[in-house]
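A.B. asks: Got a structure here, written out as structure tokens. Questions coming.
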Amino acid sequence: DTGVSQDPRHKITKRGQNVTFRCDPISEHNRLYWYRQTLGQGPEFLTYFQNEAQLEKSRLLSDRFSAERPKGSFSTLEIQRTEQGDSAMYLCASSSLGRVPMRGAFFGQGTRLTVV
Amino acid sequence: ELKVEQNPLFLSMQEGKNYTIYCNYSTTSDRLYWYRQDPGKSLESLFVLLSNGAVKQEGRLMASLDTKARLSTLHITAAVHDLSATYFCAVDGEETSGSRLTFGEGTQLTVNP
């Protein structure tokens with residue numbers, strides 16, 4: 001396992017279209033996180049899953065955003081009716097519950113979304 | 001609401017010099033993380049600090065945590081060009097332990113020959 005994998009790496013879409021991103025976490029990790037990062041800023045938390053359960057959602061996550069993690073493995077993040085303000089890097093991260101961390105959560109390479 | 005502030009936001013330094021990046025946070029916290037991000041890349045975990053007085057070192061980087069002052073520092077010793085990157089601190093707030101990180105704005109470090 002080479003780490004957290006995200007697909008696609010880049011997405012350009014027209015305003016109003018729907019987009020879906022996929023994240024494959026490190027296989028033994030039961031926690032999965034989605035963050036959003038805009039240029040010059042630190043990542044902002046969007047939501048997280050423990051196994052298949054979505055346990056927390058940020059106020060940043062409007063009704064147009066939905067995330068799933070069926071079977072507690074990969075996750076998808078869908079944005080409906082995209083807006084220009086949705087343009088950002090969407091980062092996925094994973095970690096293990098119950099283990100004292102020697103490192104922080106492992107982040108994927110991200111999906112860069114551009115809404116035109 | 002948990003807030004994390006870093007300073008400086010931009011740092012340009014010469015190779016061989018020492019410098020410190022500061023990270024202040026607004027509430028009690030279980031854990032403090034430092035990450036590195038190269039341009040266009042994802043985040044790489046550098047350190048996790050778990051208790052007051054914790055100190056971690058790897059290569060030319062050393063991180064410390066003072067939970068009473070709600071302050072972490074990332075000290076750079078004898079900087080080299082390869083350290084040029086953006087460094088983020090992140091806090092795992094007590095209320096959200098293990099669930100989410102709140103990141104600072106990042107410190108963009110440029111090491112000049």
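Labeling convention for the structure tokens: chains A, B, ... as they appear, residues from 1 per chain, ligands from 1 in order of appearance.
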Based on only C-alpha atoms, which of the residues in chain A come within 8 Å of chain B? I want them as a PyMOL selection string.
C.D. replies: chain A and resi 33+40-45+48+56+91+97+101-110
A.B. asks: Would you kindly return, as a VMD selection string, each protein, DNA or RNA residue with an atom no farther than 7 Å from any atom of Asn18 in chain A, considering only C-alpha atoms and excluding same-chain residues fewer than 6 positions away?
C.D. replies: chain A and resid 79 to 82
A.B. asks: Write the residues you've just listed into a file as a PDB file, in the first residue's frame, and include C-alpha atoms for each of them.
C.D. replies:
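Result written to part00.pdb:
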ATOM      1  CA  ILE A  79     -20.448  18.567  -5.108  1.00  0.00           C
ATOM      2  CA  GLN A  80     -23.723  19.394  -6.797  1.00  0.00           C
ATOM      3  CA  ARG A  81     -24.389  22.548  -8.801  1.00  0.00           C
ATOM      4  CA  THR A  82     -20.814  23.711  -8.514  1.00  0.00           C
TER       5      THR A  82
END
A.B. asks: Could you check how far CA of Tyr19 in chain B sits from CA of Thr67 in chain B, in Å to one decimal?
C.D. replies: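 About the pair CA of Tyr19 in chain B and CA of Thr67 in chain B: they are 21.3 Å apart.
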A.B. asks: From the list B:Leu71, B:Val111, B:Ala85, B:Met13, which residue is nearest Tyr25 in chain B when using only C-alpha atoms?
C.D. replies: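 Selected residue with least distance to Tyr25 in chain B: B:Leu71.
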A.B. asks: Give me every strand (DSSP E) residue in chain B, going by DSSP on the backbone, as an NGL selection string.
C.D. replies: :B and (4-7 or 10-14 or 19-25 or 29-37 or 43-49 or 55-58 or 61-66 or 71-76 or 85-93 or 102-103 or 107-112)
A.B. asks: Which of these, B:Gln14, B:Asn24, B:Ser84, B:Gln37, has the shortest distance to Ala69 in chain B once you count only C-alpha atoms?
C.D. replies: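 Once distances to Ala69 in chain B are computed over only C-alpha atoms, the minimum belongs to B:Asn24.
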